[in-house]
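The file input08.txt contains compact mmCIF, C-alpha atoms:
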```txt
# COMPACT_ATOMS: atom_id res chain seq x y z
CA MET A 16 43.16 -57.92 17.26
CA SER A 17 44.36 -57.45 13.76
CA ALA A 18 45.25 -54.16 12.23
CA SER A 19 42.27 -54.38 9.90
CA THR A 20 39.82 -54.38 12.82
CA LEU A 21 41.34 -51.41 14.60
CA PRO A 22 39.11 -48.32 14.43
CA THR A 23 40.46 -45.77 12.04
CA ARG A 24 39.95 -41.99 12.25
CA GLU A 25 37.10 -42.20 9.77
CA THR A 26 35.27 -45.06 11.53
CA ALA A 27 35.90 -43.84 15.10
CA ARG A 28 34.29 -40.42 14.54
CA PRO A 29 30.50 -40.55 14.13
CA PRO A 30 29.19 -39.01 10.94
CA ARG A 31 27.63 -35.54 11.25
CA SER A 32 24.71 -34.65 9.03
CA HIS A 33 24.88 -30.91 9.87
CA PRO A 34 27.48 -28.69 11.54
CA LEU A 35 27.30 -28.28 15.27
CA PRO A 36 25.65 -25.04 16.39
CA ARG A 37 27.93 -22.28 17.44
CA PRO A 38 26.22 -20.35 20.21
CA ARG A 39 28.77 -17.58 20.11
CA GLY A 40 27.86 -16.71 16.51
CA PHE A 41 24.47 -15.26 17.44
CA ALA A 42 25.94 -13.18 20.25
CA ARG A 43 28.67 -11.91 17.93
CA ALA A 44 26.13 -10.96 15.26
CA LEU A 45 23.95 -9.29 17.88
CA ARG A 46 26.84 -7.20 19.12
CA ARG A 47 27.85 -6.30 15.58
CA ASN A 48 24.30 -5.12 14.70
CA LEU A 49 23.49 -3.66 18.11
CA THR A 50 23.10 -0.13 16.73
CA ALA A 51 20.78 -1.28 13.96
CA HIS A 52 18.66 -3.27 16.42
CA GLY A 53 18.47 -0.25 18.69
CA PHE A 54 17.13 1.97 15.90
CA LEU A 55 14.68 -0.77 14.88
CA ILE A 56 13.36 -1.20 18.41
CA GLY A 57 12.98 2.57 18.75
CA ALA A 58 10.95 2.78 15.52
CA VAL A 59 8.73 -0.13 16.57
CA LEU A 60 8.10 1.48 19.98
CA CYS A 61 7.21 4.80 18.34
CA PHE A 62 4.75 3.11 15.99
CA ALA A 63 3.28 1.09 18.82
CA PHE A 64 2.83 4.08 21.11
CA PHE A 65 1.74 6.75 18.63
CA SER A 66 -0.09 4.69 15.95
CA TRP A 67 -1.11 1.20 17.03
CA TYR A 68 -2.13 1.96 20.60
CA PRO A 69 -4.39 4.93 19.63
CA MET A 70 -6.15 2.75 17.04
CA VAL A 71 -6.79 -0.01 19.56
CA ARG A 72 -7.82 2.54 22.20
CA GLU A 73 -10.23 4.19 19.78
CA PHE A 74 -11.83 0.84 18.96
CA VAL A 75 -12.35 0.12 22.66
CA LEU A 76 -13.55 3.66 23.42
CA ALA A 77 -16.18 3.46 20.67
CA PHE A 78 -18.06 0.93 22.81
CA GLN A 79 -17.65 2.76 26.13
CA LYS A 80 -19.16 5.74 27.92
CA THR A 81 -17.46 7.97 30.42
CA LYS A 82 -19.54 9.91 32.95
CA ASP A 83 -18.37 11.53 36.17
CA GLY A 84 -14.98 9.88 35.73
CA ARG A 85 -16.49 6.38 35.52
CA THR A 86 -16.18 4.31 32.34
CA THR A 87 -18.83 1.73 31.49
CA TRP A 88 -19.51 -0.46 28.47
CA ALA A 89 -22.16 1.02 26.20
CA GLY A 90 -22.35 -1.57 23.43
CA TRP A 91 -23.65 -0.14 20.17
CA SER A 92 -25.27 2.93 21.74
CA ASN A 93 -22.51 5.31 20.60
CA LEU A 94 -22.87 4.19 17.01
CA ARG A 95 -26.64 4.45 17.17
CA TYR A 96 -26.33 7.94 18.63
CA VAL A 97 -24.08 9.28 15.87
CA PHE A 98 -26.17 7.60 13.15
CA HIS A 99 -29.25 9.49 14.38
CA ASP A 100 -27.40 12.80 14.50
CA PRO A 101 -28.35 14.97 11.45
CA ALA A 102 -24.88 16.52 11.49
CA PHE A 103 -23.42 13.04 10.87
CA TRP A 104 -24.96 12.73 7.40
CA GLN A 105 -24.29 16.36 6.53
CA ALA A 106 -20.63 15.89 7.47
CA TRP A 107 -20.39 12.84 5.24
CA ARG A 108 -21.99 14.70 2.32
CA ASN A 109 -19.57 17.58 2.75
CA THR A 110 -16.58 15.23 3.04
CA LEU A 111 -17.55 13.36 -0.12
CA LEU A 112 -18.08 16.67 -1.92
CA PHE A 113 -14.65 17.87 -0.81
CA THR A 114 -13.10 14.57 -1.93
CA GLY A 115 -14.75 14.76 -5.35
CA LEU A 116 -13.68 18.37 -5.95
CA ALA A 117 -10.19 17.63 -4.63
CA LEU A 118 -9.84 14.73 -7.07
CA VAL A 119 -10.79 16.97 -9.98
CA LEU A 120 -8.30 19.66 -8.95
CA GLY A 121 -5.77 18.08 -6.63
CA PHE A 122 -5.30 14.86 -8.62
CA VAL A 123 -5.49 16.05 -12.24
CA LEU A 124 -3.81 19.45 -11.90
CA PRO A 125 -0.48 18.21 -10.40
CA PHE A 126 -0.20 15.63 -13.19
CA LEU A 127 -0.73 18.27 -15.87
CA VAL A 128 1.79 20.57 -14.20
CA ALA A 129 4.30 17.71 -14.08
CA VAL A 130 3.78 17.03 -17.80
CA LEU A 131 4.36 20.72 -18.52
CA LEU A 132 7.51 20.85 -16.38
CA ASN A 133 8.83 17.74 -18.07
CA GLU A 134 8.81 19.57 -21.41
CA PHE A 135 11.21 22.25 -20.17
CA ARG A 136 14.85 21.58 -20.91
CA HIS A 137 16.28 24.50 -18.92
CA GLY A 138 15.52 25.88 -15.46
CA GLN A 139 13.75 22.75 -14.29
CA GLY A 140 15.33 22.99 -10.85
CA TYR A 141 13.99 26.51 -10.26
CA LEU A 142 10.55 25.51 -11.51
CA ARG A 143 10.48 22.49 -9.19
CA LEU A 144 11.39 24.76 -6.29
CA LEU A 145 8.63 27.18 -7.25
CA VAL A 146 6.04 24.39 -7.38
CA TYR A 147 7.19 22.84 -4.11
CA LEU A 148 7.42 26.14 -2.22
CA PRO A 149 3.80 26.07 -0.88
CA VAL A 150 4.48 22.69 0.72
CA MET A 151 7.41 24.14 2.68
CA LEU A 152 5.27 26.94 4.11
CA PRO A 153 3.56 26.32 7.47
CA PRO A 154 -0.05 25.21 6.83
CA VAL A 155 -1.45 27.89 9.15
CA ALA A 156 0.42 30.64 7.30
CA SER A 157 -0.85 29.36 3.94
CA VAL A 158 -4.44 29.17 5.14
CA LEU A 159 -4.31 32.67 6.62
CA LEU A 160 -2.90 33.92 3.33
CA PHE A 161 -5.89 32.50 1.47
CA LYS A 162 -8.22 33.91 4.10
CA TYR A 163 -6.88 37.33 3.16
CA PHE A 164 -7.36 36.51 -0.54
CA TYR A 165 -10.99 35.52 0.08
CA ASP A 166 -11.91 38.60 2.09
CA PRO A 167 -15.08 40.10 0.51
CA GLY A 168 -13.94 43.68 1.07
CA TYR A 169 -10.24 44.02 0.30
CA GLY A 170 -9.36 40.46 -0.77
CA LEU A 171 -7.11 39.87 -3.76
CA PHE A 172 -9.58 37.66 -5.65
CA ASN A 173 -12.40 40.21 -5.54
CA ARG A 174 -9.96 42.93 -6.56
CA VAL A 175 -9.05 40.89 -9.63
CA PHE A 176 -12.73 40.26 -10.37
CA GLU A 177 -13.40 43.98 -10.09
CA LEU A 178 -10.52 44.72 -12.45
CA PHE A 179 -12.07 42.51 -15.14
CA GLY A 180 -15.59 43.75 -14.51
CA LEU A 181 -16.81 40.53 -12.91
CA GLN A 182 -19.22 40.23 -10.00
CA GLN A 183 -17.53 40.03 -6.62
CA GLN A 184 -18.07 36.87 -4.58
CA GLN A 185 -18.68 36.04 -0.94
CA TRP A 186 -16.10 33.28 -1.06
CA LEU A 187 -16.26 31.91 2.47
CA GLN A 188 -19.61 33.39 3.47
CA SER A 189 -21.76 31.70 0.81
CA THR A 190 -22.94 28.09 0.90
CA HIS A 191 -22.34 27.86 -2.87
CA THR A 192 -18.66 28.82 -2.86
CA ALA A 193 -17.39 27.98 0.63
CA MET A 194 -16.44 24.37 -0.08
CA LEU A 195 -14.91 25.24 -3.46
CA SER A 196 -12.82 27.93 -1.78
CA VAL A 197 -11.53 25.40 0.75
CA VAL A 198 -10.65 22.96 -2.05
CA ILE A 199 -8.71 25.63 -3.98
CA ALA A 200 -6.67 26.53 -0.90
CA ALA A 201 -5.97 22.87 -0.06
CA THR A 202 -4.93 22.13 -3.65
CA TRP A 203 -2.47 25.02 -3.74
CA MET A 204 -1.00 23.97 -0.40
CA ASN A 205 -0.48 20.28 -1.21
CA MET A 206 0.00 19.91 -4.96
CA GLY A 207 3.77 20.37 -4.85
CA SER A 208 4.52 16.91 -3.44
CA ALA A 209 2.30 15.14 -5.96
CA THR A 210 3.81 17.15 -8.82
CA LEU A 211 7.35 16.08 -7.94
CA VAL A 212 6.27 12.43 -7.66
CA TYR A 213 4.66 12.60 -11.11
CA LEU A 214 7.68 14.40 -12.54
CA ALA A 215 10.02 11.69 -11.27
CA ALA A 216 7.81 9.04 -12.89
CA LEU A 217 7.69 10.95 -16.19
CA GLN A 218 11.46 11.26 -16.34
CA GLY A 219 11.72 7.47 -16.13
CA ILE A 220 9.78 6.94 -19.37
CA PRO A 221 12.08 5.97 -22.29
CA GLY A 222 12.29 8.67 -24.93
CA GLU A 223 12.03 6.06 -27.70
CA LEU A 224 8.35 5.62 -26.91
CA TYR A 225 7.62 9.28 -27.60
CA GLU A 226 9.72 9.16 -30.77
CA ALA A 227 7.76 6.16 -32.02
CA ALA A 228 4.50 7.95 -31.22
CA GLU A 229 5.67 11.02 -33.16
CA LEU A 230 6.55 8.84 -36.15
CA ASP A 231 3.00 7.49 -36.04
CA GLY A 232 1.69 11.05 -36.21
CA ALA A 233 0.53 11.33 -32.60
CA GLY A 234 0.00 14.79 -31.20
CA LEU A 235 0.55 16.00 -27.65
CA LEU A 236 -2.77 14.72 -26.28
CA ARG A 237 -2.41 11.31 -27.94
CA LYS A 238 1.14 10.94 -26.61
CA ILE A 239 -0.09 11.73 -23.11
CA TRP A 240 -2.98 9.28 -23.36
CA HIS A 241 -1.20 6.40 -25.12
CA VAL A 242 2.34 6.74 -23.71
CA THR A 243 2.45 8.86 -20.55
CA VAL A 244 -0.62 7.52 -18.77
CA PRO A 245 0.11 3.78 -19.36
CA GLN A 246 3.75 4.19 -18.34
CA THR A 247 2.81 5.94 -15.09
CA ARG A 248 -0.27 3.84 -14.28
CA LEU A 249 1.22 2.37 -11.10
CA VAL A 250 2.16 5.80 -9.73
CA LEU A 251 -1.22 7.23 -10.71
CA SER A 252 -3.02 4.38 -8.95
CA LEU A 253 -1.00 4.83 -5.77
CA MET A 254 -1.46 8.61 -5.76
CA PHE A 255 -5.20 8.21 -6.39
CA LEU A 256 -5.52 5.98 -3.34
CA MET A 257 -3.44 8.33 -1.19
CA GLN A 258 -5.49 11.30 -2.41
CA ILE A 259 -8.73 9.63 -1.35
CA ILE A 260 -7.38 8.78 2.10
CA ALA A 261 -5.93 12.27 2.64
CA THR A 262 -8.97 14.23 1.48
CA MET A 263 -11.38 12.15 3.54
CA GLN A 264 -9.46 13.31 6.63
CA VAL A 265 -9.40 17.03 5.85
CA PHE A 266 -9.51 19.25 8.91
CA THR A 267 -7.00 22.12 8.92
CA GLU A 268 -8.29 24.07 5.92
CA PRO A 269 -12.01 24.25 6.84
CA PHE A 270 -11.16 24.74 10.53
CA LEU A 271 -9.05 27.84 9.84
CA LEU A 272 -10.89 29.25 6.83
CA THR A 273 -14.52 28.86 7.90
CA ASN A 274 -14.16 28.12 11.62
CA GLY A 275 -14.93 24.48 10.84
CA ALA A 276 -18.66 24.52 10.19
CA GLY A 277 -18.90 27.26 7.59
CA PRO A 278 -22.16 28.93 6.50
CA GLU A 279 -25.09 26.66 7.45
CA GLY A 280 -22.66 23.82 8.13
CA SER A 281 -21.56 23.67 4.48
CA THR A 282 -17.90 22.90 5.32
CA THR A 283 -18.41 20.58 8.30
CA THR A 284 -16.35 17.46 7.60
CA VAL A 285 -16.26 14.14 9.40
CA VAL A 286 -12.96 14.90 11.12
CA TYR A 287 -14.22 18.29 12.27
CA LEU A 288 -17.35 16.60 13.64
CA ILE A 289 -15.06 14.21 15.55
CA TYR A 290 -13.29 17.26 16.97
CA GLN A 291 -16.63 18.75 18.02
CA TYR A 292 -17.79 15.55 19.70
CA ALA A 293 -14.56 15.19 21.64
CA PHE A 294 -13.65 18.74 22.66
CA ASN A 295 -16.91 20.70 22.43
CA PHE A 296 -19.46 18.09 23.53
CA ASN A 297 -17.10 16.01 25.74
CA ASN A 298 -18.57 12.90 24.09
CA TYR A 299 -15.43 10.83 23.62
CA GLY A 300 -17.38 7.66 22.92
CA GLY A 301 -19.26 9.35 20.08
CA ALA A 302 -16.01 10.79 18.70
CA ALA A 303 -14.41 7.34 18.80
CA ALA A 304 -17.46 5.86 17.06
CA LEU A 305 -17.17 8.45 14.28
CA GLY A 306 -13.46 7.70 13.94
CA LEU A 307 -14.21 4.00 13.77
CA CYS A 308 -16.72 4.59 10.96
CA LEU A 309 -14.14 6.58 9.02
CA LEU A 310 -11.49 3.91 9.62
CA VAL A 311 -13.74 1.10 8.40
CA LEU A 312 -14.78 3.05 5.31
CA LEU A 313 -11.21 3.92 4.30
CA ALA A 314 -9.96 0.39 5.01
CA GLY A 315 -12.79 -1.11 2.96
CA PHE A 316 -12.22 1.29 0.08
CA SER A 317 -8.47 0.60 0.12
CA ALA A 318 -9.03 -3.18 0.07
CA VAL A 319 -11.52 -3.00 -2.80
CA TYR A 320 -9.34 -0.61 -4.77
CA VAL A 321 -6.23 -2.76 -4.35
CA ARG A 322 -8.20 -5.87 -5.38
CA LEU A 323 -9.58 -4.18 -8.50
CA SER A 324 -6.13 -2.86 -9.43
CA ARG A 325 -4.63 -6.32 -9.03
CA ASP A 326 -7.35 -7.88 -11.20
CA GLY A 327 -6.81 -5.17 -13.82
CA ASP A 328 -3.08 -5.90 -13.98
CA GLN A 329 -3.75 -9.60 -14.48
```
Once you've parsed the file, please lay out its structure as structure tokens.
Amino acid sequence: MSASTLPTRETARPPRSHPLPRPRGFARALRRNLTAHGFLIGAVLCFAFFSWYPMVREFVLAFQKTKDGRTTWAGWSNLRYVFHDPAFWQAWRNTLLFTGLALVLGFVLPFLVAVLLNEFRHGQGYLRLLVYLPVMLPPVASVLLFKYFYDPGYGLFNRVFELFGLQQQQWLQSTHTAMLSVVIAATWMNMGSATLVYLAALQGIPGELYEAAELDGAGLLRKIWHVTVPQTRLVLSLMFLMQIIATMQVFTEPFLLTNGAGPEGSTTTVVYLIYQYAFNFNNYGGAAALGLCLLVLLAGFSAVYVRLSRDGDQ
């Protein structure tokens, strides 16, 4: 055999198209990120147990009936039952009314307050703390504070009305003012978070845009409409969606201010009706059916709103 036919190092070793797998690399990376994987698994388990499982359980329970400790399939009977309940439609009307009033106050007012705070050059930190203070208070304490304000005898609001010669109001005892009173309390309790979100978005707007608007002769309102609103459109859209979802699930404020139902059921909301079905009527299937209706409505609204926002951006 000649030297030219002897296998060389290059010809003897078969070519490799890709490196050989190293099984120890995965184990080493797993050990290195063991803490991170532990936190991730814990978060997934918490979501699964406290969020995903209740949603699946509610969906199943909406088509079941429990009597004398025995659970049987009920089909659509729970949904038919709640649809024929007059309180169902009244609760939806009240919830939509609360949502509409809350959008007028709780969506517009925090944005205006953020615009006003953004104009201050000094003491902004103290003003932000003052605006956010109601959010840090316990919700029950805030609601009880407003219940004192609304008292028809010695309440602060009627005292102020009396001072200015205005007619005193039955804030929580009248069907005309009960829902508005609940909206005012809820807006004061929750507007701090939205105000800080808007303020952060406003501080990210380049100052050159306002300077160009001033050179064009734009006043305060025109600068807000043509500069501030377009530059914060994404944040406004997100907060609008979150406001709808939050206000459709209102429970704490009417439950503590008007004992849930209010005068002639004027403050009965869908979530409070779910509470009544479950804990007052022991009708867990009906409560789950109501929750399923609310879930489907909010999911459908969110999908449509996101689709319309995406089409508008394009």
Show me a table, sorted first by chain and then by increasing residue number, of the residues of stretch 198-317 of chain A having an atom at most 9 Å from stretch 162-177 of chain A, each with its shortest atom pair and the distance in Å to one decimal, counting all atoms listed in the file and written as CSV.
```
residue,atom,partner,partner_atom,distance
A:Leu271,CA,A:Lys162,CA,8.4
A:Leu272,CA,A:Lys162,CA,6.0
A:Thr273,CA,A:Lys162,CA,8.9
```
- Task: Just give me the gap between atom CA of A:Val244 and atom CA of A:Ala117 in Å, one decimal is fine.
- Result: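 Going from atom CA of A:Val244 over to atom CA of A:Ala117 covers 19.8 Å.
Here atom CA of A:Arg95 and atom CA of A:Tyr320 stand 28.4 Å from one another.
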Return as JSON lines the residues of stretch 53-74 of chain A lying at most 12 Å from stretch 291-302 of chain A, together with the closest atom-to-atom pair for each and the distance in Å to one decimal, counting all atoms listed in the file, with rows in chain order and ascending residue number.
```
{"residue": "A:Arg72", "atom": "CA", "partner": "A:Gly300", "partner_atom": "CA", "distance": 10.9}
{"residue": "A:Glu73", "atom": "CA", "partner": "A:Gly300", "partner_atom": "CA", "distance": 8.5}
{"residue": "A:Phe74", "atom": "CA", "partner": "A:Gly300", "partner_atom": "CA", "distance": 9.6}
```
- Message: To one decimal place in Å, what is the distance between atom CA of A:Leu313 and atom CA of A:Val158?
- Response: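 Interatomic distance, atom CA of A:Leu313 to atom CA of A:Val158: 26.2 Å.
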Where does stretch 240-280 of chain A meet stretch 191-200 of chain A within 12 Å, residue by residue, with the nearest atom pair and distance in Å to one decimal for each, counting all atoms listed in the file, listed by chain and rising number, as a Markdown table?
```
| residue | atom | partner | partner_atom | distance |
| --- | --- | --- | --- | --- |
| A:Thr262 | CA | A:Val198 | CA | 9.6 |
| A:Val265 | CA | A:Val198 | CA | 10.0 |
| A:Phe266 | CA | A:Val197 | CA | 10.4 |
| A:Thr267 | CA | A:Val197 | CA | 9.9 |
| A:Glu268 | CA | A:Val197 | CA | 6.2 |
| A:Pro269 | CA | A:Val197 | CA | 6.2 |
| A:Phe270 | CA | A:Val197 | CA | 9.8 |
| A:Leu271 | CA | A:Val197 | CA | 9.7 |
| A:Leu272 | CA | A:Val197 | CA | 7.2 |
| A:Thr273 | CA | A:Ala193 | CA | 7.9 |
| A:Asn274 | CA | A:Ala193 | CA | 11.5 |
| A:Gly275 | CA | A:Val197 | CA | 10.7 |
| A:Ala276 | CA | A:Ala193 | CA | 10.2 |
| A:Gly277 | CA | A:Ala193 | CA | 7.2 |
| A:Pro278 | CA | A:Ala193 | CA | 7.6 |
| A:Glu279 | CA | A:Ala193 | CA | 10.4 |
| A:Gly280 | CA | A:Ala193 | CA | 10.1 |
```
Report the closest atom pair, with its distance in Å rounded to one decimal, for each residue of stretch 96-183 of chain A that has an atom no farther than 10 Å from stretch 218-222 of chain A; count only C-alpha atoms, sort by chain and then rising residue number, and write it as a tab-separated table.
```
residue	atom	partner	partner_atom	distance
A:Ala129	CA	A:Gln218	CA	9.9
A:Val130	CA	A:Gln218	CA	9.7
A:Asn133	CA	A:Gln218	CA	7.2
```
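Distance annotation: of A:Phe98, A:Gln185, A:Gly84, A:Thr283, the residue with the minimal separation from A:Cys308 is A:Phe98; atom set is only C-alpha atoms.
For the choices A:Thr282, A:Leu312, A:Met263, A:Leu148, the atom-to-atom distance to A:Leu187 is smallest for A:Thr282 when using all atoms listed in the file.
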- Message: Would you pick out the contacts of A:Leu256 at 9 Å or less, using all atoms listed in the file, so that residues sharing its chain but fewer than 5 positions from it are not included, and give the list as number ranges by chain?
- Response: A: 251, 261, 316-317, 320-321
- Item | Best match for closeness to A:Met70 among A:Leu307, A:Leu323, A:Ala44, A:Leu236, counting only C-alpha atoms | A:Leu307
- Choose the residue, out of A:Val250, A:Leu178, A:Val59, A:Leu160, that has the smallest atom-to-atom separation from A:Leu214; count all atoms listed in the file. A:Val250
- Counting only C-alpha atoms, write as JSON, numbers by chain all protein and nucleic acid residues lying at most 9 Å from (-19.9, 19.4, 0.1) in the file's frame. {"A": [105, 106, 107, 108, 109, 110, 111, 112, 113, 114, 115, 116, 193, 194, 195, 281, 282, 283, 284]}
Set the distance at 12 Å and use all atoms listed in the file: which residues neighbour A:Leu253 once local chain neighbours fewer than 6 positions away are removed? I'd like the list as a PDB file with C-alpha atoms, in the coordinates of the input.
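selection36.pdb was written with the following content:
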```pdb
ATOM      1  CA  PHE A 122      -5.300  14.860  -8.620  1.00  0.00           C
ATOM      2  CA  ALA A 209       2.300  15.140  -5.960  1.00  0.00           C
ATOM      3  CA  VAL A 212       6.270  12.430  -7.660  1.00  0.00           C
ATOM      4  CA  TYR A 213       4.660  12.600 -11.110  1.00  0.00           C
ATOM      5  CA  THR A 247       2.810   5.940 -15.090  1.00  0.00           C
ATOM      6  CA  ILE A 259      -8.730   9.630  -1.350  1.00  0.00           C
ATOM      7  CA  ILE A 260      -7.380   8.780   2.100  1.00  0.00           C
ATOM      8  CA  SER A 317      -8.470   0.600   0.120  1.00  0.00           C
ATOM      9  CA  TYR A 320      -9.340  -0.610  -4.770  1.00  0.00           C
ATOM     10  CA  VAL A 321      -6.230  -2.760  -4.350  1.00  0.00           C
ATOM     11  CA  SER A 324      -6.130  -2.860  -9.430  1.00  0.00           C
TER      12      SER A 324
END
```
